[in-house]
>>> print(open('protein-v3.cif').read())   # mmCIF, C-alpha atoms
data_start
loop_
_atom_site.group_PDB
_atom_site.id
_atom_site.type_symbol
_atom_site.label_atom_id
_atom_site.label_comp_id
_atom_site.auth_asym_id
_atom_site.auth_seq_id
_atom_site.Cartn_x
_atom_site.Cartn_y
_atom_site.Cartn_z
ATOM 1 C CA MET Z 1 -128.238 4.664 54.905
ATOM 2 C CA ALA Z 2 -129.965 3.197 51.867
ATOM 3 C CA THR Z 3 -129.294 5.045 48.611
ATOM 4 C CA TYR Z 4 -130.615 5.015 45.074
ATOM 5 C CA ASN Z 5 -129.955 7.843 42.611
ATOM 6 C CA GLY Z 6 -129.704 10.330 45.455
ATOM 7 C CA GLU Z 7 -126.917 12.604 44.294
ATOM 8 C CA GLU Z 8 -128.962 15.820 44.579
ATOM 9 C CA TYR Z 9 -129.281 15.875 48.376
ATOM 10 C CA LEU Z 10 -126.886 13.146 49.512
ATOM 11 C CA GLN Z 11 -123.975 15.386 50.444
ATOM 12 C CA GLU Z 12 -126.161 17.556 52.676
ATOM 13 C CA GLN Z 13 -127.440 14.499 54.527
ATOM 14 C CA ILE Z 14 -123.996 12.958 54.987
ATOM 15 C CA ASP Z 15 -122.666 16.265 56.296
ATOM 16 C CA SER Z 16 -125.486 16.413 58.850
ATOM 17 C CA ILE Z 17 -124.600 12.915 60.057
ATOM 18 C CA LEU Z 18 -120.914 13.768 60.349
ATOM 19 C CA ALA Z 19 -121.841 16.873 62.355
ATOM 20 C CA GLN Z 20 -123.591 14.894 65.112
ATOM 21 C CA SER Z 21 -122.742 15.810 68.713
ATOM 22 C CA TYR Z 22 -122.633 12.069 69.479
ATOM 23 C CA PRO Z 23 -119.636 10.426 67.757
ATOM 24 C CA VAL Z 24 -120.520 8.318 64.726
ATOM 25 C CA TYR Z 25 -118.851 4.906 64.959
ATOM 26 C CA GLU Z 26 -119.524 3.911 61.360
ATOM 27 C CA LEU Z 27 -121.564 5.220 58.466
ATOM 28 C CA ILE Z 28 -122.794 2.343 56.329
ATOM 29 C CA ILE Z 29 -124.172 3.216 52.909
ATOM 30 C CA GLN Z 30 -125.923 0.487 50.930
ATOM 31 C CA ASP Z 31 -126.485 1.486 47.316
ATOM 32 C CA ASP Z 32 -129.185 -0.123 45.194
ATOM 33 C CA CYS Z 33 -127.504 0.118 41.765
ATOM 34 C CA SER Z 34 -127.599 3.896 41.342
ATOM 35 C CA THR Z 35 -127.058 5.177 37.819
ATOM 36 C CA ASP Z 36 -126.169 8.755 38.784
ATOM 37 C CA GLY Z 37 -123.236 10.119 40.789
ATOM 38 C CA THR Z 38 -124.352 8.731 44.166
ATOM 39 C CA THR Z 39 -121.517 6.246 44.607
ATOM 40 C CA ASP Z 40 -118.923 8.763 43.405
ATOM 41 C CA ILE Z 41 -120.029 11.133 46.180
ATOM 42 C CA VAL Z 42 -119.785 8.369 48.775
ATOM 43 C CA ARG Z 43 -116.321 7.321 47.594
ATOM 44 C CA ARG Z 44 -115.060 10.872 48.057
ATOM 45 C CA TYR Z 45 -116.240 10.750 51.661
ATOM 46 C CA LYS Z 46 -114.620 7.314 52.095
ATOM 47 C CA GLU Z 47 -111.253 8.766 51.181
ATOM 48 C CA LYS Z 48 -111.546 11.362 53.935
ATOM 49 C CA TYR Z 49 -113.420 9.383 56.600
ATOM 50 C CA PRO Z 50 -112.319 5.747 57.073
ATOM 51 C CA PHE Z 51 -115.502 4.878 59.000
ATOM 52 C CA VAL Z 52 -117.631 5.505 55.902
ATOM 53 C CA LYS Z 53 -118.371 2.120 54.308
ATOM 54 C CA LEU Z 54 -119.957 1.618 50.895
ATOM 55 C CA PHE Z 55 -121.719 -1.536 49.717
ATOM 56 C CA VAL Z 56 -123.263 -1.791 46.261
ATOM 57 C CA ASN Z 57 -125.891 -4.385 45.363
ATOM 58 C CA GLU Z 58 -125.295 -6.570 42.333
ATOM 59 C CA ARG Z 59 -128.888 -5.952 41.217
ATOM 60 C CA ASN Z 60 -131.712 -3.632 42.196
ATOM 61 C CA LEU Z 61 -133.450 -4.976 45.320
ATOM 62 C CA GLY Z 62 -135.796 -2.162 46.395
ATOM 63 C CA TYR Z 63 -135.654 -0.082 49.546
ATOM 64 C CA ASN Z 64 -136.919 -2.728 52.008
ATOM 65 C CA GLU Z 65 -134.173 -5.207 51.237
ATOM 66 C CA ASN Z 66 -131.631 -2.419 50.821
ATOM 67 C CA PHE Z 67 -132.238 -1.209 54.376
ATOM 68 C CA ARG Z 68 -132.078 -4.766 55.723
ATOM 69 C CA LEU Z 69 -128.719 -5.421 54.102
ATOM 70 C CA ALA Z 70 -127.353 -2.112 55.361
ATOM 71 C CA ALA Z 71 -128.412 -2.991 58.927
ATOM 72 C CA LEU Z 72 -126.688 -6.377 58.710
ATOM 73 C CA HIS Z 73 -123.320 -4.676 58.138
ATOM 74 C CA ALA Z 74 -123.542 -2.726 61.411
ATOM 75 C CA THR Z 75 -121.140 -3.596 64.220
ATOM 76 C CA GLY Z 76 -122.008 -0.941 66.824
ATOM 77 C CA ASP Z 77 -124.430 -1.306 69.728
ATOM 78 C CA PHE Z 78 -127.076 0.912 68.132
ATOM 79 C CA VAL Z 79 -128.197 1.371 64.532
ATOM 80 C CA ALA Z 80 -129.839 4.580 63.275
ATOM 81 C CA LEU Z 81 -131.631 4.392 59.936
ATOM 82 C CA SER Z 82 -131.237 7.198 57.435
ATOM 83 C CA ASP Z 83 -132.891 8.233 54.196
ATOM 84 C CA GLN Z 84 -130.573 9.669 51.547
ATOM 85 C CA ASP Z 85 -132.163 13.102 51.313
ATOM 86 C CA ASP Z 86 -133.057 14.149 54.880
ATOM 87 C CA ILE Z 87 -131.187 16.436 57.256
ATOM 88 C CA TRP Z 88 -130.324 15.286 60.783
ATOM 89 C CA PHE Z 89 -130.258 17.918 63.503
ATOM 90 C CA PRO Z 90 -126.941 17.967 65.407
ATOM 91 C CA GLN Z 91 -128.180 16.311 68.622
ATOM 92 C CA LYS Z 92 -130.299 13.573 67.023
ATOM 93 C CA LEU Z 93 -128.111 10.623 67.991
ATOM 94 C CA GLU Z 94 -127.173 12.072 71.382
ATOM 95 C CA ARG Z 95 -130.825 12.511 72.339
ATOM 96 C CA GLN Z 96 -131.828 9.060 71.154
ATOM 97 C CA VAL Z 97 -128.966 7.134 72.743
ATOM 98 C CA ALA Z 98 -129.723 8.844 76.053
ATOM 99 C CA ALA Z 99 -133.433 8.028 75.812
ATOM 100 C CA ILE Z 100 -133.601 4.472 74.457
ATOM 101 C CA GLY Z 101 -133.091 2.712 77.804
ATOM 102 C CA ASP Z 102 -134.056 -0.964 77.513
ATOM 103 C CA ALA Z 103 -136.381 -0.472 74.535
ATOM 104 C CA ASP Z 104 -135.801 -1.955 71.090
ATOM 105 C CA ILE Z 105 -136.442 1.337 69.267
ATOM 106 C CA CYS Z 106 -136.254 5.030 70.079
ATOM 107 C CA PHE Z 107 -138.048 7.279 67.581
ATOM 108 C CA SER Z 108 -138.872 10.950 67.374
ATOM 109 C CA ASN Z 109 -141.080 13.510 65.765
ATOM 110 C CA THR Z 110 -139.855 15.162 62.563
ATOM 111 C CA LEU Z 111 -140.193 18.272 60.481
ATOM 112 C CA ASP Z 112 -141.696 17.450 57.116
ATOM 113 C CA GLY Z 113 -141.084 19.538 54.014
ATOM 114 C CA GLU Z 114 -138.769 20.318 51.149
ATOM 115 C CA THR Z 115 -136.358 22.641 52.982
ATOM 116 C CA LEU Z 116 -135.935 24.119 56.454
ATOM 117 C CA ASP Z 117 -136.583 27.654 55.243
ATOM 118 C CA LYS Z 118 -139.979 26.819 53.723
ATOM 119 C CA HIS Z 119 -141.826 26.347 57.026
ATOM 120 C CA PRO Z 120 -141.802 22.545 57.259
ATOM 121 C CA LYS Z 121 -144.693 20.900 59.074
ATOM 122 C CA LEU Z 122 -144.224 19.239 62.458
ATOM 123 C CA MET Z 123 -145.098 15.556 62.146
ATOM 124 C CA ASP Z 124 -146.291 14.128 65.462
ATOM 125 C CA HIS Z 125 -145.669 10.404 65.045
ATOM 126 C CA ARG Z 126 -148.015 8.100 66.944
ATOM 127 C CA CYS Z 127 -147.327 4.512 67.912
ATOM 128 C CA PHE Z 128 -150.125 2.209 68.974
ATOM 129 C CA PHE Z 129 -150.330 -1.510 68.309
ATOM 130 C CA GLU Z 130 -153.948 -1.190 67.173
ATOM 131 C CA GLY Z 131 -152.990 1.312 64.487
ATOM 132 C CA THR Z 132 -149.750 -0.289 63.343
ATOM 133 C CA ILE Z 133 -151.435 -3.527 62.260
ATOM 134 C CA LEU Z 134 -153.383 -1.405 59.770
ATOM 135 C CA CYS Z 135 -150.589 0.847 58.522
ATOM 136 C CA ASN Z 136 -147.173 2.038 59.544
ATOM 137 C CA GLN Z 137 -147.102 4.746 62.228
ATOM 138 C CA VAL Z 138 -143.364 5.087 62.922
ATOM 139 C CA SER Z 139 -141.096 6.152 60.064
ATOM 140 C CA GLY Z 140 -137.773 4.374 59.687
ATOM 141 C CA HIS Z 141 -135.828 7.602 59.266
ATOM 142 C CA THR Z 142 -136.718 8.503 62.883
ATOM 143 C CA MET Z 143 -135.497 5.216 64.375
ATOM 144 C CA LEU Z 144 -132.547 4.321 66.557
ATOM 145 C CA CYS Z 145 -132.544 0.548 67.122
ATOM 146 C CA ARG Z 146 -130.586 -1.936 69.165
ATOM 147 C CA ARG Z 147 -128.304 -3.888 66.856
ATOM 148 C CA ALA Z 148 -129.363 -7.262 68.278
ATOM 149 C CA PHE Z 149 -132.964 -6.348 67.505
ATOM 150 C CA ILE Z 150 -132.567 -4.967 63.997
ATOM 151 C CA GLN Z 151 -130.274 -7.802 62.899
ATOM 152 C CA ASN Z 152 -132.786 -10.437 64.034
ATOM 153 C CA ALA Z 153 -134.130 -11.988 60.830
ATOM 154 C CA ASP Z 154 -137.533 -12.546 62.445
ATOM 155 C CA CYS Z 155 -138.057 -8.774 62.688
ATOM 156 C CA TRP Z 156 -138.210 -8.372 58.903
ATOM 157 C CA PHE Z 157 -141.390 -9.578 57.175
ATOM 158 C CA GLY Z 158 -140.076 -9.250 53.627
ATOM 159 C CA SER Z 159 -140.161 -6.947 50.643
ATOM 160 C CA ASP Z 160 -143.965 -6.575 50.492
ATOM 161 C CA ILE Z 161 -144.328 -5.086 53.995
ATOM 162 C CA PHE Z 162 -142.720 -1.730 54.783
ATOM 163 C CA TYR Z 163 -139.574 -2.433 56.762
ATOM 164 C CA ASP Z 164 -140.371 0.205 59.400
ATOM 165 C CA GLN Z 165 -143.840 -1.223 59.985
ATOM 166 C CA SER Z 166 -142.282 -4.664 60.457
ATOM 167 C CA LEU Z 167 -139.710 -3.341 62.936
ATOM 168 C CA THR Z 168 -142.355 -1.383 64.844
ATOM 169 C CA LEU Z 169 -144.667 -4.382 65.186
ATOM 170 C CA HIS Z 170 -141.884 -6.602 66.511
ATOM 171 C CA ALA Z 171 -140.786 -3.915 68.974
ATOM 172 C CA LEU Z 172 -144.378 -3.608 70.205
ATOM 173 C CA MET Z 173 -144.389 -7.358 70.837
ATOM 174 C CA GLY Z 174 -140.885 -7.282 72.317
ATOM 175 C CA GLY Z 175 -138.851 -4.680 74.147
ATOM 176 C CA GLY Z 176 -141.092 -1.755 73.233
ATOM 177 C CA LEU Z 177 -140.495 1.715 71.816
ATOM 178 C CA VAL Z 178 -139.561 5.076 73.335
ATOM 179 C CA LYS Z 179 -140.709 8.333 71.750
ATOM 180 C CA LEU Z 180 -139.015 11.732 71.803
ATOM 181 C CA SER Z 181 -141.491 14.522 71.116
ATOM 182 C CA GLU Z 182 -138.934 16.983 69.762
ATOM 183 C CA PRO Z 183 -138.274 16.871 65.997
ATOM 184 C CA LEU Z 184 -134.783 15.549 65.347
ATOM 185 C CA ASN Z 185 -134.589 15.654 61.566
ATOM 186 C CA LEU Z 186 -136.048 17.227 58.472
ATOM 187 C CA HIS Z 187 -137.771 14.605 56.374
ATOM 188 C CA ARG Z 188 -137.489 15.987 52.881
ATOM 189 C CA ARG Z 189 -140.809 15.461 51.109
ATOM 190 C CA LEU Z 190 -140.186 15.182 47.363
ATOM 191 C CA ALA Z 191 -142.601 14.762 44.480
ATOM 192 C CA CYS Z 192 -140.912 11.471 43.492
ATOM 193 C CA SER Z 193 -141.310 9.834 46.914
ATOM 194 C CA VAL Z 194 -143.895 7.118 47.467
ATOM 195 C CA THR Z 195 -145.180 8.777 50.645
ATOM 196 C CA HIS Z 196 -145.665 12.055 48.785
ATOM 197 C CA TYR Z 197 -147.812 10.213 46.275
ATOM 198 C CA ALA Z 198 -149.758 8.221 48.829
ATOM 199 C CA LEU Z 199 -150.391 11.166 51.136
ATOM 200 C CA HIS Z 200 -151.697 13.392 48.367
ATOM 201 C CA ALA Z 201 -155.041 14.747 49.578
ATOM 202 C CA VAL Z 202 -158.070 12.518 49.076
ATOM 203 C CA THR Z 203 -161.611 13.280 50.178
ATOM 204 C CA TRP Z 204 -164.530 11.117 49.113
ATOM 205 C CA GLN Z 205 -162.580 8.437 47.205
ATOM 206 C CA PRO Z 206 -161.975 5.972 50.089
ATOM 207 C CA TYR Z 207 -165.691 5.904 50.907
ATOM 208 C CA VAL Z 208 -166.522 4.883 47.328
ATOM 209 C CA TYR Z 209 -163.531 2.829 46.197
ATOM 210 C CA GLY Z 210 -162.327 1.648 49.595
ATOM 211 C CA TRP Z 211 -164.677 -1.339 49.646
ATOM 212 C CA THR Z 212 -163.098 -3.023 46.622
ATOM 213 C CA ALA Z 213 -159.634 -1.911 47.704
ATOM 214 C CA TYR Z 214 -160.183 -3.582 51.083
ATOM 215 C CA ARG Z 215 -161.047 -6.904 49.410
ATOM 216 C CA ARG Z 216 -157.916 -6.647 47.290
ATOM 217 C CA TRP Z 217 -155.882 -5.792 50.403
ATOM 218 C CA GLN Z 218 -157.290 -8.844 52.196
ATOM 219 C CA SER Z 219 -156.261 -11.113 49.327
ATOM 220 C CA PHE Z 220 -152.684 -9.865 49.216
ATOM 221 C CA PRO Z 221 -150.568 -12.816 50.490
ATOM 222 C CA ALA Z 222 -148.107 -10.666 52.455
ATOM 223 C CA TYR Z 223 -150.887 -9.057 54.490
ATOM 224 C CA ARG Z 224 -152.677 -12.339 55.115
ATOM 225 C CA HIS Z 225 -149.371 -13.668 56.428
ATOM 226 C CA LEU Z 226 -148.855 -10.533 58.528
ATOM 227 C CA HIS Z 227 -152.298 -10.609 60.133
ATOM 228 C CA THR Z 228 -152.126 -14.371 60.717
ATOM 229 C CA TYR Z 229 -148.720 -13.934 62.364
ATOM 230 C CA ILE Z 230 -149.910 -11.114 64.650
ATOM 231 C CA TYR Z 231 -153.096 -13.028 65.486
ATOM 232 C CA ASP Z 232 -151.099 -16.092 66.567
ATOM 233 C CA LYS Z 233 -148.584 -13.996 68.538
ATOM 234 C CA THR Z 234 -151.285 -12.127 70.474
ATOM 235 C CA LEU Z 235 -153.506 -15.072 71.385
ATOM 236 C CA GLY Z 236 -153.933 -15.186 75.166
ATOM 237 C CA THR Z 237 -152.049 -11.921 75.697
ATOM 238 C CA SER Z 238 -153.157 -8.520 76.920
ATOM 239 C CA HIS Z 239 -153.503 -7.353 73.300
ATOM 240 C CA GLN Z 240 -157.101 -8.513 72.977
ATOM 241 C CA VAL Z 241 -158.241 -5.691 70.687
ATOM 242 C CA VAL Z 242 -155.311 -6.294 68.317
ATOM 243 C CA ASN Z 243 -156.031 -10.012 68.294
ATOM 244 C CA ARG Z 244 -159.708 -9.429 67.514
ATOM 245 C CA MET Z 245 -158.883 -6.949 64.743
ATOM 246 C CA CYS Z 246 -156.533 -9.444 63.079
ATOM 247 C CA GLN Z 247 -159.157 -12.160 63.362
ATOM 248 C CA LEU Z 248 -161.720 -9.945 61.617
ATOM 249 C CA MET Z 249 -159.260 -8.895 58.906
ATOM 250 C CA LEU Z 250 -158.706 -12.549 58.039
ATOM 251 C CA ARG Z 251 -162.427 -13.072 57.431
ATOM 252 C CA ARG Z 252 -164.017 -12.096 54.118
ATOM 253 C CA ASP Z 253 -167.699 -11.682 55.070
ATOM 254 C CA LEU Z 254 -169.352 -8.262 55.245
ATOM 255 C CA LEU Z 255 -170.329 -8.615 58.896
ATOM 256 C CA SER Z 256 -166.682 -9.095 59.917
ATOM 257 C CA LEU Z 257 -165.710 -5.960 57.986
ATOM 258 C CA LEU Z 258 -168.449 -3.962 59.723
ATOM 259 C CA ARG Z 259 -167.301 -5.281 63.116
ATOM 260 C CA LEU Z 260 -163.742 -4.252 62.270
ATOM 261 C CA CYS Z 261 -164.975 -0.780 61.324
ATOM 262 C CA TRP Z 262 -166.846 -0.541 64.618
ATOM 263 C CA LEU Z 263 -163.715 -1.535 66.565
ATOM 264 C CA CYS Z 264 -161.696 1.087 64.705
ATOM 265 C CA MET Z 265 -164.302 3.716 65.566
ATOM 266 C CA LYS Z 266 -164.445 2.658 69.212
ATOM 267 C CA HIS Z 267 -160.650 2.694 69.580
ATOM 268 C CA ARG Z 268 -159.990 5.529 67.110
ATOM 269 C CA GLU Z 269 -157.601 7.244 69.544
ATOM 270 C CA LYS Z 270 -155.230 4.332 68.907
ATOM 271 C CA THR Z 271 -156.148 3.097 65.439
ATOM 272 C CA TYR Z 272 -156.281 6.386 63.536
ATOM 273 C CA PHE Z 273 -153.016 7.542 61.940
ATOM 274 C CA THR Z 274 -153.318 11.044 63.394
ATOM 275 C CA LYS Z 275 -155.149 12.329 66.443
ATOM 276 C CA PRO Z 276 -158.798 11.921 65.383
ATOM 277 C CA THR Z 277 -161.204 14.770 64.871
ATOM 278 C CA PRO Z 278 -163.587 15.108 67.844
ATOM 279 C CA GLY Z 279 -167.314 14.576 67.578
ATOM 280 C CA ILE Z 280 -169.436 12.921 64.922
ATOM 281 C CA MET Z 281 -166.954 13.530 62.104
ATOM 282 C CA GLY Z 282 -164.240 11.764 64.076
ATOM 283 C CA MET Z 283 -166.540 8.788 64.632
ATOM 284 C CA ILE Z 284 -167.375 8.586 60.924
ATOM 285 C CA ARG Z 285 -163.732 8.757 59.900
ATOM 286 C CA GLY Z 286 -162.812 6.211 62.554
ATOM 287 C CA PHE Z 287 -165.491 3.809 61.314
ATOM 288 C CA PHE Z 288 -164.345 3.991 57.707
ATOM 289 C CA TYR Z 289 -160.652 3.948 58.555
ATOM 290 C CA PRO Z 290 -160.018 0.364 57.273
ATOM 291 C CA LEU Z 291 -161.362 1.471 53.877
ATOM 292 C CA GLN Z 292 -159.106 4.524 53.895
ATOM 293 C CA VAL Z 293 -156.070 2.378 54.705
ATOM 294 C CA ALA Z 294 -156.949 -0.085 51.945
ATOM 295 C CA TYR Z 295 -157.504 2.707 49.441
ATOM 296 C CA GLU Z 296 -154.115 4.290 50.223
ATOM 297 C CA TRP Z 297 -152.481 0.856 50.010
ATOM 298 C CA GLN Z 298 -153.986 0.318 46.556
ATOM 299 C CA ARG Z 299 -152.696 3.714 45.404
ATOM 300 C CA ARG Z 300 -149.184 2.780 46.557
ATOM 301 C CA MET Z 301 -149.395 -0.573 44.782
ATOM 302 C CA ASP Z 302 -150.566 1.076 41.567
ATOM 303 C CA TYR Z 303 -147.773 3.647 41.836
ATOM 304 C CA ASP Z 304 -145.237 0.880 42.420
ATOM 305 C CA LYS Z 305 -146.383 -0.965 39.312
ATOM 306 C CA ARG Z 306 -146.159 2.156 37.171
ATOM 307 C CA THR Z 307 -142.724 2.925 38.580
ATOM 308 C CA LYS Z 308 -141.416 -0.552 37.780
ATOM 309 C CA HIS Z 309 -142.975 -0.369 34.341
ATOM 310 C CA ASN Z 310 -140.839 2.704 33.735
ATOM 311 C CA ASN Z 311 -137.712 0.775 34.813
ATOM 312 C CA LYS Z 312 -137.440 2.605 38.131
ATOM 313 C CA ASP Z 313 -137.419 -0.306 40.499
ATOM 314 C CA SER Z 314 -136.578 1.677 43.631
ATOM 315 C CA PHE Z 315 -137.894 4.913 45.051
ATOM 316 C CA ASN Z 316 -137.548 6.881 48.247
ATOM 317 C CA GLU Z 317 -139.928 6.074 51.031
#
>>> encode(input="protein-v3.cif", output="structure tokens")
Amino acid sequence: MATYNGEEYLQEQIDSILAQSYPVYELIIQDDCSTDGTTDIVRRYKEKYPFVKLFVNERNLGYNENFRLAALHATGDFVALSDQDDIWFPQKLERQVAAIGDADICFSNTLDGETLDKHPKLMDHRCFFEGTILCNQVSGHTMLCRRAFIQNADCWFGSDIFYDQSLTLHALMGGGLVKLSEPLNLHRRLACSVTHYALHAVTWQPYVYGWTAYRRWQSFPAYRHLHTYIYDKTLGTSHQVVNRMCQLMLRRDLLSLLRLCWLCMKHREKTYFTKPTPGIMGMIRGFFYPLQVAYEWQRRMDYDKRTKHNNKDSFNE
């Protein structure tokens, strides 16, 4: 578990982990310099449960690096990732351990909302290689990973790429992923979370501002590295569409962008974040999907800058 100023909901999440039907071998909590009572809450649990382990960073590192460090402390065969404010359902670990088989990651659907009694929305997570090179499709808080996989340094791209997108891409190129359709946790959607901000409803904006956002996205060094890496890894493999998409994303001419848009429309069942709308509207949205992704990315970057400007260097994903 990665924590940062999470005292409000932390106890409820820890209690849900301790209540798992599958025995918890160790609960590792990596704190990113919280200034509230987060570490005091964890220390109270440490006194009662010896398998609870607390590690506190010397300086604020952000959630990507915080999760990576937490995973490195694990000694069990499997590692489940946890946000600080969710609620795990009692059979989460039991279901995932039984289902993972030889895969690198087992993930599940979730319920998404503020509380269980406010009719949370079922989130049907999709996982296709074609879509994951554009944006993350599998949330980290749903993941159970093999320890050998998650502790492999090559599976982490760095602080500028979402850690769960990095893990998903490497699993897609490695041992694969297994999905459980049943929701196994409540993902608490809060106003202060970066996904709450990024997923706030937009309508026409990506079609107008997405063009400039896409150029900015292309120039971002971390994404150029990511798409170059995936392009090289998929050369001569069965992932021809992924390879072609990465090739087009590395080019800056208008024709390459239009070809990328056409590929996204043609393969919209795999590229689009959710199941695409049927008919003409689905084709239009599929075509402009790279602009939508770039626009949402720019909103996250702008939010990140404002957050850091206010001396809040970490936030919940």
>>> resolve_selection(input="protein-v3.cif", expression="the PyMOL selection byres ((chain Z and resi 8) around 12)", output="count of residues only")
20
>>> resolve_selection(input="protein-v3.cif", expression="the PyMOL selection byres ((chain Z and resi 43-59) around 9)", output="list of chain:residue names")
Z:Ile14, Z:Val24, Z:Tyr25, Z:Glu26, Z:Leu27, Z:Ile28, Z:Ile29, Z:Gln30, Z:Asp31, Z:Asp32, Z:Cys33, Z:Ser34, Z:Thr38, Z:Thr39, Z:Asp40, Z:Ile41, Z:Val42, Z:Asn60, Z:Leu61, Z:Asn66, Z:Ala70
>>> atom_distance(input="protein-v3.cif", atom1="atom CA of Ser166 of chain Z", atom2="atom CA of Thr132 of chain Z")
9.1 Å
>>> atom_distance(input="protein-v3.cif", atom1="atom CA of Glu182 of chain Z", atom2="atom CA of Lys270 of chain Z")
20.6 Å
>>> atom_distance(input="protein-v3.cif", atom1="atom CA of Arg146 of chain Z", atom2="atom CA of Asp112 of chain Z")
25.4 Å
>>> residues_around(input="protein-v3.cif", residues="segment 90-101 of chain Z", least_positions_apart="3", cutoff="6 Å", atoms="all atoms listed in the file", output="PDB file with C-alpha atoms, in the frame of the given file")
ATOM      1  CA  GLN Z  20    -123.591  14.894  65.112  1.00  0.00           C
ATOM      2  CA  SER Z  21    -122.742  15.810  68.713  1.00  0.00           C
ATOM      3  CA  TYR Z  22    -122.633  12.069  69.479  1.00  0.00           C
ATOM      4  CA  CYS Z 106    -136.254   5.030  70.079  1.00  0.00           C
ATOM      5  CA  LEU Z 184    -134.783  15.549  65.347  1.00  0.00           C
TER       6      LEU Z 184
END
>>> closest_residue(input="protein-v3.cif", among="Z:Thr234, Z:Ser219, Z:Ser256, Z:Ser108", to="Lys179 of chain Z", atoms="only C-alpha atoms")
Z:Ser108
>>> closest_residue(input="protein-v3.cif", among="Z:Asp83, Z:Glu65, Z:Asp160, Z:Asp302", to="Asn185 of chain Z", atoms="all atoms listed in the file")
Z:Asp83
>>> closest_residue(input="protein-v3.cif", among="Z:Gln205, Z:Trp156, Z:His239, Z:Cys127", to="Met173 of chain Z", atoms="only C-alpha atoms")
Z:His239
>>> resolve_selection(input="protein-v3.cif", expression="the PyMOL selection byres ((chain Z and resi 269) around 12)", output="list in words")
Arg126, Cys127, Phe128, Phe129, Glu130, Gly131, Leu263, Cys264, Met265, Lys266, His267, Arg268, Lys270, Thr271, Tyr272, Phe273, Thr274, Lys275, Pro276, Thr277, Pro278, Gly282, Met283, Arg285, Gly286, Phe287 and Tyr289 of chain Z
>>> write_last_selection(input="protein-v3.cif", atoms="C-alpha atoms", output="PDB file, in the frame of the given file")
ATOM      1  CA  ARG Z 126    -148.015   8.100  66.944  1.00  0.00           C
ATOM      2  CA  CYS Z 127    -147.327   4.512  67.912  1.00  0.00           C
ATOM      3  CA  PHE Z 128    -150.125   2.209  68.974  1.00  0.00           C
ATOM      4  CA  PHE Z 129    -150.330  -1.510  68.309  1.00  0.00           C
ATOM      5  CA  GLU Z 130    -153.948  -1.190  67.173  1.00  0.00           C
ATOM      6  CA  GLY Z 131    -152.990   1.312  64.487  1.00  0.00           C
ATOM      7  CA  LEU Z 263    -163.715  -1.535  66.565  1.00  0.00           C
ATOM      8  CA  CYS Z 264    -161.696   1.087  64.705  1.00  0.00           C
ATOM      9  CA  MET Z 265    -164.302   3.716  65.566  1.00  0.00           C
ATOM     10  CA  LYS Z 266    -164.445   2.658  69.212  1.00  0.00           C
ATOM     11  CA  HIS Z 267    -160.650   2.694  69.580  1.00  0.00           C
ATOM     12  CA  ARG Z 268    -159.990   5.529  67.110  1.00  0.00           C
ATOM     13  CA  LYS Z 270    -155.230   4.332  68.907  1.00  0.00           C
ATOM     14  CA  THR Z 271    -156.148   3.097  65.439  1.00  0.00           C
ATOM     15  CA  TYR Z 272    -156.281   6.386  63.536  1.00  0.00           C
ATOM     16  CA  PHE Z 273    -153.016   7.542  61.940  1.00  0.00           C
ATOM     17  CA  THR Z 274    -153.318  11.044  63.394  1.00  0.00           C
ATOM     18  CA  LYS Z 275    -155.149  12.329  66.443  1.00  0.00           C
ATOM     19  CA  PRO Z 276    -158.798  11.921  65.383  1.00  0.00           C
ATOM     20  CA  THR Z 277    -161.204  14.770  64.871  1.00  0.00           C
ATOM     21  CA  PRO Z 278    -163.587  15.108  67.844  1.00  0.00           C
ATOM     22  CA  GLY Z 282    -164.240  11.764  64.076  1.00  0.00           C
ATOM     23  CA  MET Z 283    -166.540   8.788  64.632  1.00  0.00           C
ATOM     24  CA  ARG Z 285    -163.732   8.757  59.900  1.00  0.00           C
ATOM     25  CA  GLY Z 286    -162.812   6.211  62.554  1.00  0.00           C
ATOM     26  CA  PHE Z 287    -165.491   3.809  61.314  1.00  0.00           C
ATOM     27  CA  TYR Z 289    -160.652   3.948  58.555  1.00  0.00           C
TER      28      TYR Z 289
END
>>> closest_residue(input="protein-v3.cif", among="Z:Arg244, Z:Arg259, Z:His187, Z:Arg68", to="Tyr231 of chain Z", atoms="all atoms listed in the file")
Z:Arg244
>>> closest_residue(input="protein-v3.cif", among="Z:Ala103, Z:Ile230, Z:Cys261, Z:Ile133", to="Phe78 of chain Z", atoms="only C-alpha atoms")
Z:Ala103
>>> closest_residue(input="protein-v3.cif", among="Z:Arg299, Z:His225, Z:Lys121, Z:Arg189", to="Tyr209 of chain Z", atoms="only C-alpha atoms")
Z:Arg299
